[in-house]
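Everything below concerns the one structure shown next.
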Amino acid sequence: MNPVVRDNTPVLRPGFRLQWEPVQNSHVLLYPEGMVKLNESAAEVLLLVDGKRPVADIIDTLTDKFPNVPGLDEDVLAFIEVAHAQHWLHIR
């Protein structure tokens, strides 16, 4: 598997859906075999994954929203790689 780069565009895999789950008090990723409860950081990233926005735009949007977070770009890239490895995302 190639590393995720800023020019890549992530997209949720078919059958996966991101939604707010009041009972869990968090965003969750639903898929046919189950559900993943997301922490706030993961949810912030996945809320921006629309299949049109490249990783660079996701990073820029989050950097604007959270300007004082050091290493945010590396964290976003690392999370997207993990989400891809977990088969939550396709990478284009």
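Following the order of the structure tokens, first chain is A, next is B, and so on, with residues numbered from 1 inside each chain and ligands from 1 in the order they appear.
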For region 68-71 of chain A: contacts at 12 Å, only C-alpha atoms, fewer than 6 positions along chain excluded, given as an MDAnalysis selection string: chainID A and resid 41 59 62 77:78
Let's have the selection written as a PDB file, in the first residue's frame, with N, CA and C atoms.
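File result-v5.pdb, as written:
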ATOM      1  N   SER A  41     -11.302  13.937  17.107  1.00  0.00           N
ATOM      2  CA  SER A  41     -10.341  14.211  16.033  1.00  0.00           C
ATOM      3  C   SER A  41     -10.673  13.411  14.776  1.00  0.00           C
ATOM      4  N   ILE A  59      -6.587  19.147   5.302  1.00  0.00           N
ATOM      5  CA  ILE A  59      -5.577  19.665   6.234  1.00  0.00           C
ATOM      6  C   ILE A  59      -5.710  21.176   6.374  1.00  0.00           C
ATOM      7  N   LEU A  62      -8.784  22.105   8.479  1.00  0.00           N
ATOM      8  CA  LEU A  62      -8.583  21.819   9.902  1.00  0.00           C
ATOM      9  C   LEU A  62      -7.542  22.744  10.520  1.00  0.00           C
ATOM     10  N   LEU A  77      -2.671  13.044   7.927  1.00  0.00           N
ATOM     11  CA  LEU A  77      -2.149  12.046   6.983  1.00  0.00           C
ATOM     12  C   LEU A  77      -2.091  10.662   7.625  1.00  0.00           C
ATOM     13  N   ALA A  78      -1.618  10.591   8.861  1.00  0.00           N
ATOM     14  CA  ALA A  78      -1.511   9.307   9.559  1.00  0.00           C
ATOM     15  C   ALA A  78      -2.894   8.696   9.785  1.00  0.00           C
TER      16      ALA A  78
END
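Close contacts of His90 (chain A), defined as residues with an atom at most 9 Å away when counting only C-alpha atoms, with chain neighbours fewer than 5 positions off set aside, comprise Thr9, Pro10, Val11, Leu12, Arg13, Gly51, Ala83 and His84 of chain A.
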Return as a tab-separated table (two decimals) with C-alpha atoms, in the first residue's frame the full set of residues in chain A whose backbone-based DSSP assignment is alpha helix (DSSP H).
chain	number	residue	atom	x	y	z
A	40	GLU	CA	-13.50	13.97	18.14
A	41	SER	CA	-10.34	14.21	16.03
A	42	ALA	CA	-11.30	11.29	13.80
A	43	ALA	CA	-14.80	12.71	13.37
A	44	GLU	CA	-13.43	16.14	12.41
A	45	VAL	CA	-11.38	14.53	9.63
A	46	LEU	CA	-14.09	12.18	8.37
A	55	VAL	CA	-6.16	15.61	1.66
A	56	ALA	CA	-4.44	19.01	1.27
A	57	ASP	CA	-7.81	20.80	1.48
A	58	ILE	CA	-8.83	18.73	4.50
A	59	ILE	CA	-5.58	19.66	6.23
A	60	ASP	CA	-5.98	23.35	5.31
A	61	THR	CA	-9.56	23.43	6.60
A	62	LEU	CA	-8.58	21.82	9.90
A	63	THR	CA	-5.52	24.06	10.26
A	64	ASP	CA	-7.78	27.10	9.86
A	65	LYS	CA	-10.21	25.69	12.44
A	72	LEU	CA	-1.83	18.58	12.59
A	73	ASP	CA	-0.89	17.86	8.97
A	74	GLU	CA	1.10	14.76	9.91
A	75	ASP	CA	-1.71	13.60	12.22
A	76	VAL	CA	-4.31	13.94	9.46
A	77	LEU	CA	-2.15	12.05	6.98
A	78	ALA	CA	-1.51	9.31	9.56
A	79	PHE	CA	-5.21	9.00	10.42
A	80	ILE	CA	-6.23	8.77	6.76
A	81	GLU	CA	-3.62	6.04	6.25
A	82	VAL	CA	-5.03	4.10	9.22
A	83	ALA	CA	-8.62	4.58	8.00
A	84	HIS	CA	-7.54	3.32	4.57
A	85	ALA	CA	-5.75	0.32	6.11
DSSP-assigned strand (DSSP E) among chain A, expressed as an MDAnalysis selection string: chainID A and resid 10:12 17:21 26:31 34:37 89:91
Limited to N, CA and C atoms, could you put the picked residues into a file as a JSON list (two decimals), in the first residue's frame?
[["chain", "number", "residue", "atom", "x", "y", "z"],
["A", 10, "PRO", "N", -9.57, 11.14, -0.42],
["A", 10, "PRO", "CA", -10.21, 10.02, 0.26],
["A", 10, "PRO", "C", -11.73, 10.04, 0.04],
["A", 11, "VAL", "N", -12.32, 8.86, 0.05],
["A", 11, "VAL", "CA", -13.77, 8.73, -0.08],
["A", 11, "VAL", "C", -14.20, 7.55, 0.79],
["A", 12, "LEU", "N", -15.33, 7.71, 1.50],
["A", 12, "LEU", "CA", -15.85, 6.59, 2.29],
["A", 12, "LEU", "C", -16.20, 5.44, 1.37],
["A", 17, "ARG", "N", -21.23, 4.72, 6.51],
["A", 17, "ARG", "CA", -21.94, 5.97, 6.72],
["A", 17, "ARG", "C", -21.48, 6.60, 8.03],
["A", 18, "LEU", "N", -21.19, 7.88, 7.98],
["A", 18, "LEU", "CA", -20.80, 8.65, 9.15],
["A", 18, "LEU", "C", -22.03, 9.37, 9.68],
["A", 19, "GLN", "N", -22.28, 9.25, 10.97],
["A", 19, "GLN", "CA", -23.43, 9.96, 11.55],
["A", 19, "GLN", "C", -23.19, 10.22, 13.02],
["A", 20, "TRP", "N", -23.95, 11.20, 13.55],
["A", 20, "TRP", "CA", -23.96, 11.49, 14.98],
["A", 20, "TRP", "C", -24.87, 10.47, 15.64],
["A", 21, "GLU", "N", -24.39, 9.88, 16.72],
["A", 21, "GLU", "CA", -25.16, 8.88, 17.46],
["A", 21, "GLU", "C", -25.39, 9.42, 18.87],
["A", 26, "SER", "N", -21.39, 10.71, 20.34],
["A", 26, "SER", "CA", -20.24, 10.88, 19.45],
["A", 26, "SER", "C", -20.65, 10.53, 18.02],
["A", 27, "HIS", "N", -19.77, 10.88, 17.11],
["A", 27, "HIS", "CA", -19.94, 10.43, 15.74],
["A", 27, "HIS", "C", -19.53, 8.96, 15.67],
["A", 28, "VAL", "N", -20.21, 8.24, 14.80],
["A", 28, "VAL", "CA", -19.89, 6.83, 14.59],
["A", 28, "VAL", "C", -19.79, 6.58, 13.09],
["A", 29, "LEU", "N", -19.04, 5.57, 12.76],
["A", 29, "LEU", "CA", -18.95, 5.11, 11.38],
["A", 29, "LEU", "C", -19.68, 3.78, 11.33],
["A", 30, "LEU", "N", -20.80, 3.78, 10.61],
["A", 30, "LEU", "CA", -21.61, 2.56, 10.48],
["A", 30, "LEU", "C", -21.21, 1.83, 9.21],
["A", 31, "TYR", "N", -21.19, 0.52, 9.29],
["A", 31, "TYR", "CA", -20.90, -0.32, 8.13],
["A", 31, "TYR", "C", -21.63, -1.63, 8.32],
["A", 34, "GLY", "N", -20.93, -3.69, 11.46],
["A", 34, "GLY", "CA", -20.92, -3.10, 12.79],
["A", 34, "GLY", "C", -20.82, -1.59, 12.79],
["A", 35, "MET", "N", -20.12, -1.10, 13.80],
["A", 35, "MET", "CA", -20.03, 0.32, 14.04],
["A", 35, "MET", "C", -18.71, 0.63, 14.73],
["A", 36, "VAL", "N", -18.14, 1.79, 14.40],
["A", 36, "VAL", "CA", -16.93, 2.27, 15.07],
["A", 36, "VAL", "C", -17.28, 3.60, 15.72],
["A", 37, "LYS", "N", -17.07, 3.69, 17.02],
["A", 37, "LYS", "CA", -17.25, 4.97, 17.73],
["A", 37, "LYS", "C", -15.98, 5.79, 17.51],
["A", 89, "LEU", "N", -11.92, 3.72, 4.01],
["A", 89, "LEU", "CA", -11.79, 4.68, 2.92],
["A", 89, "LEU", "C", -11.16, 4.05, 1.69],
["A", 90, "HIS", "N", -11.54, 4.57, 0.54],
["A", 90, "HIS", "CA", -10.79, 4.38, -0.70],
["A", 90, "HIS", "C", -9.95, 5.63, -0.87],
["A", 91, "ILE", "N", -8.81, 5.49, -1.51],
["A", 91, "ILE", "CA", -7.94, 6.63, -1.79],
["A", 91, "ILE", "C", -7.81, 6.77, -3.29]]
d(CA of Val5 (chain A), CA of Lys52 (chain A)) in Å: 15.0 Å
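Between CA of Pro32 (chain A) and CA of Arg92 (chain A) lies a distance of 22.7 Å.
The space between CA of Pro14 (chain A) and CA of Trp88 (chain A) spans 9.0 Å.
Nearest residue to Val49 (chain A), choosing from A:Phe66, A:Gln86, A:Asn8, A:Pro3 and counting only C-alpha atoms: A:Asn8.
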